[in-house]
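Listing of my_file25.cif, mmCIF, C-alpha atoms and all ligand atoms
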```
data_coords
#
loop_
_atom_site.group_PDB
_atom_site.id
_atom_site.type_symbol
_atom_site.label_atom_id
_atom_site.label_comp_id
_atom_site.auth_asym_id
_atom_site.auth_seq_id
_atom_site.Cartn_x
_atom_site.Cartn_y
_atom_site.Cartn_z
ATOM 1 C CA MET A 789 142.036 -54.537 140.900
ATOM 2 C CA THR A 790 143.298 -53.059 144.161
ATOM 3 C CA PRO A 791 145.632 -50.118 143.573
ATOM 4 C CA PRO A 792 149.064 -50.718 145.094
ATOM 5 C CA PRO A 793 149.526 -48.885 148.395
ATOM 6 C CA GLU A 794 151.238 -45.538 147.806
ATOM 7 C CA ALA A 795 153.450 -45.885 150.903
ATOM 8 C CA ALA A 796 154.819 -49.158 149.550
ATOM 9 C CA LEU A 797 155.575 -47.699 146.129
ATOM 10 C CA GLN A 798 157.209 -44.648 147.672
ATOM 11 C CA LEU A 799 159.402 -46.839 149.880
ATOM 12 C CA ALA A 800 160.280 -49.111 146.946
ATOM 13 C CA ARG A 801 161.392 -46.083 144.899
ATOM 14 C CA SER A 802 163.357 -44.727 147.812
ATOM 15 C CA LEU A 803 165.087 -48.075 148.454
ATOM 16 C CA ALA A 804 165.964 -48.373 144.765
ATOM 17 C CA THR A 805 168.018 -45.165 145.016
ATOM 18 C CA LEU A 806 170.289 -46.785 147.620
ATOM 19 C CA ARG A 807 171.251 -49.739 145.422
ATOM 20 C CA PRO A 808 170.732 -48.543 141.846
ATOM 21 C CA SER A 809 172.352 -51.583 140.271
ATOM 22 C CA ALA A 810 170.321 -54.107 142.302
ATOM 23 C CA PRO A 811 166.940 -55.492 141.234
ATOM 24 C CA PRO A 812 164.328 -52.929 142.358
ATOM 25 C CA PRO A 813 162.140 -54.174 145.216
ATOM 26 C CA LYS A 814 159.019 -55.915 143.999
ATOM 27 C CA LEU A 815 155.655 -55.427 145.719
ATOM 28 C CA HIS A 816 153.498 -58.349 146.867
ATOM 29 C CA LEU A 817 150.076 -57.689 148.375
ATOM 30 C CA LEU A 818 149.305 -59.744 151.469
ATOM 31 C CA THR A 819 145.649 -58.758 151.856
ATOM 32 C CA PRO A 820 142.998 -58.280 149.153
ATOM 33 C CA ASP A 821 142.748 -54.557 150.025
ATOM 34 C CA GLY A 822 146.530 -54.066 149.813
ATOM 35 C CA ALA A 823 146.750 -52.848 153.438
ATOM 36 C CA SER A 824 149.391 -55.503 154.192
ATOM 37 C CA TRP A 825 152.288 -55.761 151.811
ATOM 38 C CA LEU A 826 155.764 -57.112 151.287
ATOM 39 C CA LEU A 827 158.663 -55.682 149.301
ATOM 40 C CA HIS A 828 161.198 -58.211 148.109
ATOM 41 C CA SER A 829 164.482 -57.872 146.290
ATOM 42 C CA PRO A 830 166.822 -60.874 146.107
ATOM 43 C CA GLY A 831 170.517 -60.030 146.004
ATOM 44 C CA TRP A 832 169.826 -56.409 146.950
ATOM 45 C CA TRP A 833 172.832 -55.810 149.212
ATOM 46 C CA PRO A 834 175.033 -58.901 149.474
ATOM 47 C CA ALA A 835 177.889 -59.285 151.935
ATOM 48 C CA THR A 836 181.310 -60.173 150.591
ATOM 49 C CA PRO A 837 182.804 -63.363 152.073
ATOM 50 C CA ALA A 838 185.099 -61.159 154.213
ATOM 51 C CA GLN A 839 182.133 -59.132 155.466
ATOM 52 C CA LEU A 840 180.229 -62.305 156.320
ATOM 53 C CA ASP A 841 183.235 -63.561 158.307
ATOM 54 C CA GLU A 842 183.334 -60.229 160.114
ATOM 55 C CA LEU A 843 179.597 -60.435 160.886
ATOM 56 C CA TRP A 844 180.042 -63.979 162.131
ATOM 57 C CA ARG A 845 182.898 -62.955 164.441
ATOM 58 C CA ALA A 846 180.462 -60.592 166.187
ATOM 59 C CA ARG A 847 178.095 -63.506 166.942
ATOM 60 C CA PRO A 848 177.358 -63.602 170.686
ATOM 61 C CA PRO A 849 178.986 -66.608 172.351
ATOM 62 C CA GLN A 850 175.777 -67.739 174.064
ATOM 63 C CA PRO A 851 172.118 -67.984 173.026
ATOM 64 C CA THR A 852 169.848 -65.309 174.471
ATOM 65 C CA LEU A 853 167.655 -66.447 177.340
ATOM 66 C CA GLY A 854 164.011 -65.409 177.391
ATOM 67 C CA THR A 855 161.197 -66.179 179.796
ATOM 68 C CA VAL A 856 158.145 -68.009 178.619
ATOM 69 C CA MET A 857 155.388 -68.641 181.168
ATOM 70 C CA GLY A 858 157.888 -68.235 183.963
ATOM 71 C CA ARG A 859 160.369 -70.657 182.448
ATOM 72 C CA ALA A 860 163.771 -69.713 181.066
ATOM 73 C CA VAL A 861 164.164 -70.713 177.449
ATOM 74 C CA ALA A 862 167.191 -70.407 175.198
ATOM 75 C CA PHE A 863 166.420 -68.971 171.788
ATOM 76 C CA PRO A 864 167.479 -71.290 168.945
ATOM 77 C CA ARG A 865 169.725 -68.578 167.434
ATOM 78 C CA ARG A 866 172.044 -65.799 168.635
ATOM 79 C CA THR A 867 170.766 -62.255 168.901
ATOM 80 C CA ALA A 868 172.030 -58.737 169.588
ATOM 81 C CA ALA A 869 170.287 -55.355 169.589
ATOM 82 C CA TYR A 870 171.794 -52.070 168.490
ATOM 83 C CA GLY A 871 170.515 -48.527 168.748
ATOM 84 C CA GLU A 872 167.531 -49.141 171.052
ATOM 85 C CA ASP A 873 166.813 -51.722 173.761
ATOM 86 C CA TYR A 874 164.238 -54.214 172.573
ATOM 87 C CA ALA A 875 161.940 -56.100 174.952
ATOM 88 C CA TYR A 876 160.237 -59.274 173.747
ATOM 89 C CA THR A 877 159.497 -62.790 174.920
ATOM 90 C CA GLY A 878 160.108 -62.047 178.563
ATOM 91 C CA GLN A 879 163.494 -60.425 178.226
ATOM 92 C CA THR A 880 165.046 -57.130 177.273
ATOM 93 C CA GLN A 881 167.779 -57.115 174.733
ATOM 94 C CA ARG A 882 170.122 -54.344 175.910
ATOM 95 C CA ALA A 883 171.309 -52.430 172.896
ATOM 96 C CA ALA A 884 174.853 -51.475 172.014
ATOM 97 C CA PRO A 885 175.264 -48.238 170.034
ATOM 98 C CA LEU A 886 174.681 -48.624 166.299
ATOM 99 C CA ALA A 887 178.281 -47.628 165.667
ATOM 100 C CA ALA A 888 179.373 -50.739 167.580
ATOM 101 C CA ALA A 889 177.577 -53.038 165.129
ATOM 102 C CA PRO A 890 179.701 -54.944 162.601
ATOM 103 C CA PRO A 891 180.645 -52.403 159.873
ATOM 104 C CA LEU A 892 178.329 -53.769 157.159
ATOM 105 C CA ALA A 893 175.351 -53.739 159.543
ATOM 106 C CA ALA A 894 176.164 -50.212 160.774
ATOM 107 C CA GLU A 895 176.533 -48.989 157.189
ATOM 108 C CA ALA A 896 173.267 -50.594 156.067
ATOM 109 C CA CYS A 897 171.373 -49.168 159.060
ATOM 110 C CA ALA A 898 172.696 -45.669 158.434
ATOM 111 C CA ALA A 899 171.874 -45.861 154.730
ATOM 112 C CA LEU A 900 168.358 -47.186 155.332
ATOM 113 C CA ALA A 901 167.540 -44.689 158.088
ATOM 114 C CA SER A 902 168.678 -41.840 155.820
ATOM 115 C CA LEU A 903 165.692 -42.538 153.532
ATOM 116 C CA PRO A 904 162.779 -40.226 154.385
ATOM 117 C CA PRO A 905 160.211 -43.079 154.635
ATOM 118 C CA LEU A 906 162.460 -44.779 157.216
ATOM 119 C CA ALA A 907 163.224 -41.744 159.367
ATOM 120 C CA GLY A 908 162.908 -42.937 162.960
ATOM 121 C CA HIS A 909 164.071 -46.481 162.211
ATOM 122 C CA ALA A 910 166.710 -46.455 164.921
ATOM 123 C CA ALA A 911 166.372 -49.958 166.373
ATOM 124 C CA ALA A 912 168.373 -52.760 164.809
ATOM 125 C CA LEU A 913 168.375 -56.430 165.675
ATOM 126 C CA LEU A 914 170.923 -58.911 164.408
ATOM 127 C CA ASN A 915 170.107 -62.615 164.400
ATOM 128 C CA TRP A 916 172.741 -65.243 163.661
ATOM 129 C CA TYR A 917 171.610 -68.675 162.437
ATOM 130 C CA ASP A 918 173.837 -71.710 162.102
ATOM 131 C CA ALA A 919 171.842 -74.071 159.885
ATOM 132 C CA ALA A 920 173.935 -77.111 160.832
ATOM 133 C CA ALA A 921 172.851 -76.530 164.450
ATOM 134 C CA GLY A 922 169.217 -76.366 163.311
ATOM 135 C CA GLU A 923 168.786 -72.713 164.297
ATOM 136 C CA TYR A 924 165.563 -70.932 163.318
ATOM 137 C CA MET A 925 162.934 -68.424 164.460
ATOM 138 C CA GLY A 926 159.401 -69.609 165.184
ATOM 139 C CA ALA A 927 156.230 -68.018 163.846
ATOM 140 C CA HIS A 928 155.463 -64.670 165.451
ATOM 141 C CA ALA A 929 154.374 -61.141 164.651
ATOM 142 C CA ASP A 930 156.504 -58.140 165.504
ATOM 143 C CA ASP A 931 153.631 -56.347 167.154
ATOM 144 C CA GLU A 932 155.064 -55.364 170.511
ATOM 145 C CA ARG A 933 153.520 -52.229 171.962
ATOM 146 C CA ALA A 934 156.894 -50.506 171.923
ATOM 147 C CA LEU A 935 156.970 -50.604 168.144
ATOM 148 C CA ARG A 936 155.240 -47.882 166.209
ATOM 149 C CA ARG A 937 152.234 -49.461 164.540
ATOM 150 C CA GLY A 938 152.174 -49.445 160.783
ATOM 151 C CA GLU A 939 155.853 -48.626 160.337
ATOM 152 C CA PRO A 940 157.568 -51.063 157.997
ATOM 153 C CA ILE A 941 160.041 -53.633 159.301
ATOM 154 C CA VAL A 942 163.043 -53.841 157.023
ATOM 155 C CA SER A 943 165.003 -57.074 156.900
ATOM 156 C CA LEU A 944 168.285 -57.821 155.149
ATOM 157 C CA SER A 945 169.876 -61.260 154.937
ATOM 158 C CA TRP A 946 173.535 -62.074 154.644
ATOM 159 C CA ALA A 947 174.621 -65.632 154.094
ATOM 160 C CA ASP A 948 177.310 -67.920 152.758
ATOM 161 C CA GLY A 949 177.304 -68.174 148.982
ATOM 162 C CA GLY A 950 174.857 -70.856 147.866
ATOM 163 C CA HIS A 951 173.204 -71.014 151.289
ATOM 164 C CA PHE A 952 169.482 -70.321 151.512
ATOM 165 C CA ARG A 953 166.872 -70.361 154.225
ATOM 166 C CA ARG A 954 163.096 -70.301 153.957
ATOM 167 C CA PHE A 955 161.110 -67.371 155.300
ATOM 168 C CA ARG A 956 157.364 -67.917 155.599
ATOM 169 C CA LEU A 957 154.424 -65.558 156.007
ATOM 170 C CA THR A 958 151.228 -67.154 157.314
ATOM 171 C CA PRO A 959 147.895 -65.349 157.650
ATOM 172 C CA ARG A 960 146.801 -64.973 161.292
ATOM 173 C CA LYS A 961 143.420 -66.570 162.011
ATOM 174 C CA GLU A 962 142.158 -63.372 163.605
ATOM 175 C CA GLY A 963 143.811 -61.218 160.933
ATOM 176 C CA GLY A 964 140.805 -60.933 158.611
ATOM 177 C CA GLY A 965 141.658 -62.848 155.478
ATOM 178 C CA GLY A 966 145.329 -62.497 154.733
ATOM 179 C CA LEU A 967 146.809 -63.835 151.526
ATOM 180 C CA ALA A 968 149.865 -66.055 151.238
ATOM 181 C CA PRO A 969 151.141 -65.415 147.726
ATOM 182 C CA ALA A 970 153.717 -67.618 146.067
ATOM 183 C CA LEU A 971 157.047 -65.813 146.465
ATOM 184 C CA PRO A 972 160.357 -66.170 144.620
ATOM 185 C CA GLY A 973 162.281 -69.303 145.461
ATOM 186 C CA GLY A 974 159.449 -70.734 147.552
ATOM 187 C CA GLY A 975 158.834 -73.602 145.173
ATOM 188 C CA GLY A 976 155.173 -72.568 144.843
ATOM 189 C CA ARG A 977 154.525 -73.007 148.583
ATOM 190 C CA ALA A 978 152.147 -70.373 149.966
ATOM 191 C CA GLY A 979 153.930 -67.433 151.566
ATOM 192 C CA VAL A 980 157.386 -69.033 151.401
ATOM 193 C CA ALA A 981 160.416 -67.178 150.018
ATOM 194 C CA ALA A 982 163.960 -68.475 149.802
ATOM 195 C CA VAL A 983 166.259 -65.926 151.424
ATOM 196 C CA ARG A 984 169.864 -65.774 150.324
ATOM 197 C CA ASN A 985 172.826 -63.445 150.628
ATOM 198 C CA GLY A 986 171.688 -59.853 150.089
ATOM 199 C CA CYS A 987 167.945 -60.503 150.119
ATOM 200 C CA LEU A 988 165.807 -57.546 151.170
ATOM 201 C CA LEU A 989 162.344 -58.058 152.647
ATOM 202 C CA VAL A 990 160.145 -55.267 153.941
ATOM 203 C CA MET A 991 156.947 -56.071 155.807
ATOM 204 C CA GLY A 992 154.682 -53.053 155.630
ATOM 205 C CA GLY A 993 151.243 -51.660 156.349
ATOM 206 C CA THR A 994 149.172 -53.927 158.578
ATOM 207 C CA THR A 995 151.268 -57.058 157.979
ATOM 208 C CA GLN A 996 152.040 -57.587 161.674
ATOM 209 C CA ARG A 997 148.322 -57.653 162.436
ATOM 210 C CA THR A 998 147.323 -59.916 159.560
ATOM 211 C CA HIS A 999 150.293 -62.291 159.331
ATOM 212 C CA LYS A 1000 152.894 -64.164 161.305
ATOM 213 C CA HIS A 1001 156.364 -64.689 159.927
ATOM 214 C CA GLU A 1002 159.113 -67.163 160.675
ATOM 215 C CA LEU A 1003 162.492 -68.383 159.599
ATOM 216 C CA MET A 1004 161.689 -72.043 159.077
ATOM 217 C CA LYS A 1005 163.728 -74.864 160.575
ATOM 218 C CA PRO A 1006 166.347 -75.888 158.045
ATOM 219 C CA THR A 1007 165.847 -79.137 156.190
ATOM 220 C CA LYS A 1008 168.870 -81.208 155.172
ATOM 221 C CA ALA A 1009 168.412 -80.114 151.539
ATOM 222 C CA PRO A 1010 171.619 -79.137 149.747
ATOM 223 C CA GLY A 1011 172.174 -75.417 150.293
ATOM 224 C CA GLU A 1012 169.810 -75.244 153.248
ATOM 225 C CA GLY A 1013 171.079 -77.731 155.806
ATOM 226 C CA VAL A 1014 174.533 -76.247 156.302
ATOM 227 C CA GLY A 1015 175.583 -72.601 156.251
ATOM 228 C CA ARG A 1016 175.722 -69.316 158.093
ATOM 229 C CA ARG A 1017 173.048 -66.637 157.852
ATOM 230 C CA VAL A 1018 172.886 -63.270 159.570
ATOM 231 C CA ASN A 1019 169.689 -61.256 159.519
ATOM 232 C CA LEU A 1020 169.498 -57.535 160.146
ATOM 233 C CA SER A 1021 166.096 -56.099 160.944
ATOM 234 C CA LEU A 1022 165.455 -52.429 161.376
ATOM 235 C CA ARG A 1023 162.410 -51.129 163.223
ATOM 236 C CA CYS A 1024 160.856 -47.931 164.430
ATOM 237 C CA PHE A 1025 159.933 -47.597 168.081
ATOM 238 C CA ALA A 1026 157.027 -45.490 169.211
ATOM 239 C CA GLY A 1027 158.260 -42.050 170.157
ATOM 240 C CA ARG A 1028 161.016 -42.253 167.549
ATOM 241 C CA ALA A 1029 158.835 -41.864 164.472
ATOM 242 C CA GLY A 1030 160.130 -39.497 161.891
ATOM 243 C CA LYS A 1031 158.174 -36.834 160.108
ATOM 244 C CA ARG A 1032 155.840 -39.271 158.414
ATOM 245 C CA GLY A 1033 154.663 -40.843 161.654
ATOM 246 C CA ARG A 1034 153.889 -37.502 163.197
ATOM 247 C CA GLU A 1035 152.049 -36.266 160.143
ATOM 248 C CA GLU A 1036 149.810 -39.295 160.413
ATOM 249 C CA GLY A 1037 148.889 -37.941 163.838
ATOM 250 C CA GLY A 1038 149.349 -41.205 165.722
ATOM 251 C CA GLU A 1039 150.400 -40.678 169.329
ATOM 252 C CA ALA A 1040 153.324 -42.654 170.565
ATOM 253 C CA GLU A 1041 152.254 -45.437 172.881
ATOM 254 C CA GLY A 1042 155.399 -45.039 174.934
ATOM 255 C CA ARG A 1043 158.187 -47.520 175.379
ATOM 256 C CA GLU A 1044 156.843 -49.449 178.273
ATOM 257 C CA GLU A 1045 157.957 -52.907 179.122
ATOM 258 C CA VAL A 1046 156.394 -55.555 176.933
ATOM 259 C CA LYS A 1047 154.783 -58.327 178.894
ATOM 260 C CA GLY A 1048 154.428 -61.467 176.790
ATOM 261 C CA GLY A 1049 151.649 -60.063 174.665
ATOM 262 C CA GLU A 1050 150.363 -62.048 171.772
ATOM 263 C CA GLU A 1051 153.703 -61.813 170.072
ATOM 264 C CA GLY A 1052 155.448 -63.105 173.174
ATOM 265 C CA GLU A 1053 153.114 -66.041 173.357
ATOM 266 C CA ARG A 1054 153.588 -66.778 169.699
ATOM 267 C CA ARG A 1055 157.323 -66.805 170.081
ATOM 268 C CA ALA A 1056 156.810 -68.775 173.246
ATOM 269 C CA ALA A 1057 155.085 -71.560 171.378
ATOM 270 C CA THR A 1058 157.936 -71.864 168.908
ATOM 271 C CA PRO A 1059 160.747 -69.658 170.224
HETATM 272 O O1 LIG B 1101 165.800 -63.976 160.467
HETATM 273 C C1 LIG B 1101 164.751 -63.594 159.966
HETATM 274 O O2 LIG B 1101 164.581 -63.505 158.763
HETATM 275 C C2 LIG B 1101 163.584 -63.239 160.866
HETATM 276 C C3 LIG B 1101 163.914 -62.227 161.916
HETATM 277 C C4 LIG B 1101 162.701 -61.751 162.644
HETATM 278 O O3 LIG B 1101 161.603 -62.051 162.281
HETATM 279 C C5 LIG B 1101 162.840 -60.894 163.830
HETATM 280 O O4 LIG B 1101 163.965 -60.583 164.235
HETATM 281 O O5 LIG B 1101 161.803 -60.515 164.389
HETATM 282 FE FE FE B 1102 160.115 -60.872 163.322
#
```
Taking this structure as input, can you express it in the form of structure tokens?
Amino acid sequence: MTPPPEAALQLARSLATLRPSAPPPKLHLLTPDGASWLLHSPGWWPATPAQLDELWRARPPQPTLGTVMGRAVAFPRRTAAYGEDYAYTGQTQRAAPLAAAPPLAAEACAALASLPPLAGHAAALLNWYDAAAGEYMGAHADDERALRRGEPIVSLSWADGGHFRRFRLTPRKEGGGGLAPALPGGGGRAGVAAVRNGCLLVMGGTTQRTHKHELMKPTKAPGEGVGRRVNLSLRCFAGRAGKRGREEGGEAEGREEVKGGEEGERRAATP
């Protein structure tokens, strides 16, 4: 049997120290060699109803506009960046300072970035999804050149009580044999996990090269068709890697503009 990747176990232990009373993150291997992996902990850091209201009040009034093959498209969700500007899908999300994020998001970012394996994770993205309006995020990989390769992407979900959405990981054709394990709450469907209030997901190792991920369109199912969900994702840009990145000897690729690379095109197909 493939030994679990040490980096994943180390991160799981580190994350468990932040929320000692929450279920410890569980490791799922996404490739037979364990190079791509997912950590998952449902109910890891839930928002209170008051905190969810506060997060929702910070929702941008308009959808973000991106450019896909020269055409302006409105993303089917609301988005804001904090900490570091983030360029993808033909637009640059100008970042506000982390301290300007809604308090729960700012607190979670500070706590996560204080963990040694996440040193350098200074870029946060908030996505707001109104299920009743059919909001979602199409299949893509977060593999922009500006991101430091191999650094985990940490994702936390906050949602109305009882509300769930489905997150799906799909092996990329060119990704060399990715797995799509059954995940909690996915009803046995390959690579699908139900994400609810407080759910932690970490995509690590080579996941962005071997898999796409998406927040699926909501069905009308009870609990899924109506509700508010806010997703926080925390990333590490090249040039901002902490100690670990530098020890690995990888040179920063520089934060150049990102021109609709593969990721852009993937988001373009299903924004
Ligand atoms: O809302 C989610 O769970 C997905 C967010 C995501 O994939 C992204 O921001 O790149
Ligand atoms: Fe993503």
*asked:* Just checking: using only C-alpha atoms, which residue out of A:Met925, A:Ala893, A:Leu815, A:Leu1020 ends up closest to Phe863 in chain A?
replied: A:Met925
*Step by step, measure atom-to-atom distances between ligand FE 1102 (chain B) and each residue using all atoms listed in the file, keep those at most 7 Å, then write them as a VMD selection string.*
chain A and resid 928 to 930 1001 to 1002
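Around the point (167.3, -64.2, 151.8), within 9 Å and counting all atoms listed in the file, we find these residues: Ser829, Pro830, Gly831, Leu944, Ser945, Trp946, Ala947, Phe952, Arg953, Arg954, Phe955, Ala981, Ala982, Val983, Arg984, Asn985, Gly986, Cys987, Leu988, Leu989, Arg1017 and Asn1019 of chain A.
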*Apply the PyMOL selection byres (((chain A and resi 966-978) around 10) and not hetatm) to the file shown and report the selected residues as a PyMOL selection string.*
chain A and resi 816-825+828-830+952-965+979-984+995+997-999
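Among A:Asp918, A:Glu794, A:Glu842, A:Glu895, the residue with the shortest atom-to-atom distance to ligand LIG 1101 (chain B), counting all atoms listed in the file, is A:Asp918.
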_Under the rule that only C-alpha atoms and all ligand atoms are counted, which of A:Thr994, A:Ser902, A:Thr867, A:Gln879 is the nearest residue to ligand LIG 1101 (chain B)?_
A:Thr867
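For the choices A:Pro792, A:Arg801, A:Pro1006, A:Gly878, the atom-to-atom distance to Ala860 in chain A is smallest for A:Gly878 when using only C-alpha atoms.
We find CA of Leu1022 in chain A and CA of Glu932 in chain A to be spaced 14.1 Å apart.
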*asked:* For a quick check of understanding, using all atoms listed in the file, which of A:Leu826, A:Pro890, A:Arg937, A:Trp832 has the smallest distance to Pro808 in chain A?
replied: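 Closest candidate: A:Trp832.
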How big is the axis-aligned box around the listed atoms of ligand LIG 1101 (chain B) once 6 Å is added on each side, and where is its centre? Give both in Å to one decimal, as AutoDock Vina command-line options.
```
--center_x 163.7 --center_y -62.2 --center_z 161.6 --size_x 16.2 --size_y 15.5 --size_z 17.6
```
*asked:* One number please: atom C1 of ligand LIG 1101 (chain B) to CA of Ile941 in chain A, in Å, one decimal.
replied: 11.0 Å
*Using all atoms listed in the file, which residue out of A:His951, A:Arg865, A:Arg859, A:Arg845 lies closest to Pro1010 in chain A?*
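Looking at the shortest contact to Pro1010 in chain A, the residue is A:His951.
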*Find the distance between CA of Ala920 in chain A and CA of Glu1012 in chain A and write it in Å to one decimal.*
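CA of Glu1012 in chain A lies 8.8 Å from CA of Ala920 in chain A.
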Could you pull the residues within 7 Å of Leu935 in chain A, counting all atoms listed in the file, minus those fewer than 2 positions along the same chain, as a PDB file with C-alpha atoms, keeping the file's coordinate frame?
```
ATOM      1  CA  ASP A 931     153.631 -56.347 167.154  1.00  0.00           C
ATOM      2  CA  GLU A 932     155.064 -55.364 170.511  1.00  0.00           C
ATOM      3  CA  ARG A 933     153.520 -52.229 171.962  1.00  0.00           C
ATOM      4  CA  ARG A 937     152.234 -49.461 164.540  1.00  0.00           C
ATOM      5  CA  CYS A1024     160.856 -47.931 164.430  1.00  0.00           C
ATOM      6  CA  PHE A1025     159.933 -47.597 168.081  1.00  0.00           C
ATOM      7  CA  ALA A1026     157.027 -45.490 169.211  1.00  0.00           C
TER       8      ALA A1026
END
```
Which residues match the PyMOL selection byres (((chain A and resi 847) around 12) and not hetatm) in the file above, as a PDB file with C-alpha atoms, in the frame of the given file?
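Everything below was put into result.pdb:
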```
ATOM      1  CA  LEU A 840     180.229 -62.305 156.320  1.00  0.00           C
ATOM      2  CA  ASP A 841     183.235 -63.561 158.307  1.00  0.00           C
ATOM      3  CA  GLU A 842     183.334 -60.229 160.114  1.00  0.00           C
ATOM      4  CA  LEU A 843     179.597 -60.435 160.886  1.00  0.00           C
ATOM      5  CA  TRP A 844     180.042 -63.979 162.131  1.00  0.00           C
ATOM      6  CA  ARG A 845     182.898 -62.955 164.441  1.00  0.00           C
ATOM      7  CA  ALA A 846     180.462 -60.592 166.187  1.00  0.00           C
ATOM      8  CA  PRO A 848     177.358 -63.602 170.686  1.00  0.00           C
ATOM      9  CA  PRO A 849     178.986 -66.608 172.351  1.00  0.00           C
ATOM     10  CA  GLN A 850     175.777 -67.739 174.064  1.00  0.00           C
ATOM     11  CA  PRO A 851     172.118 -67.984 173.026  1.00  0.00           C
ATOM     12  CA  THR A 852     169.848 -65.309 174.471  1.00  0.00           C
ATOM     13  CA  ARG A 865     169.725 -68.578 167.434  1.00  0.00           C
ATOM     14  CA  ARG A 866     172.044 -65.799 168.635  1.00  0.00           C
ATOM     15  CA  THR A 867     170.766 -62.255 168.901  1.00  0.00           C
ATOM     16  CA  ALA A 868     172.030 -58.737 169.588  1.00  0.00           C
ATOM     17  CA  ALA A 869     170.287 -55.355 169.589  1.00  0.00           C
ATOM     18  CA  ALA A 889     177.577 -53.038 165.129  1.00  0.00           C
ATOM     19  CA  PRO A 890     179.701 -54.944 162.601  1.00  0.00           C
ATOM     20  CA  LEU A 914     170.923 -58.911 164.408  1.00  0.00           C
ATOM     21  CA  ASN A 915     170.107 -62.615 164.400  1.00  0.00           C
ATOM     22  CA  TRP A 916     172.741 -65.243 163.661  1.00  0.00           C
ATOM     23  CA  TYR A 917     171.610 -68.675 162.437  1.00  0.00           C
ATOM     24  CA  ASP A 918     173.837 -71.710 162.102  1.00  0.00           C
ATOM     25  CA  ARG A1016     175.722 -69.316 158.093  1.00  0.00           C
ATOM     26  CA  ARG A1017     173.048 -66.637 157.852  1.00  0.00           C
ATOM     27  CA  VAL A1018     172.886 -63.270 159.570  1.00  0.00           C
ATOM     28  CA  ASN A1019     169.689 -61.256 159.519  1.00  0.00           C
TER      29      ASN A1019
END
```
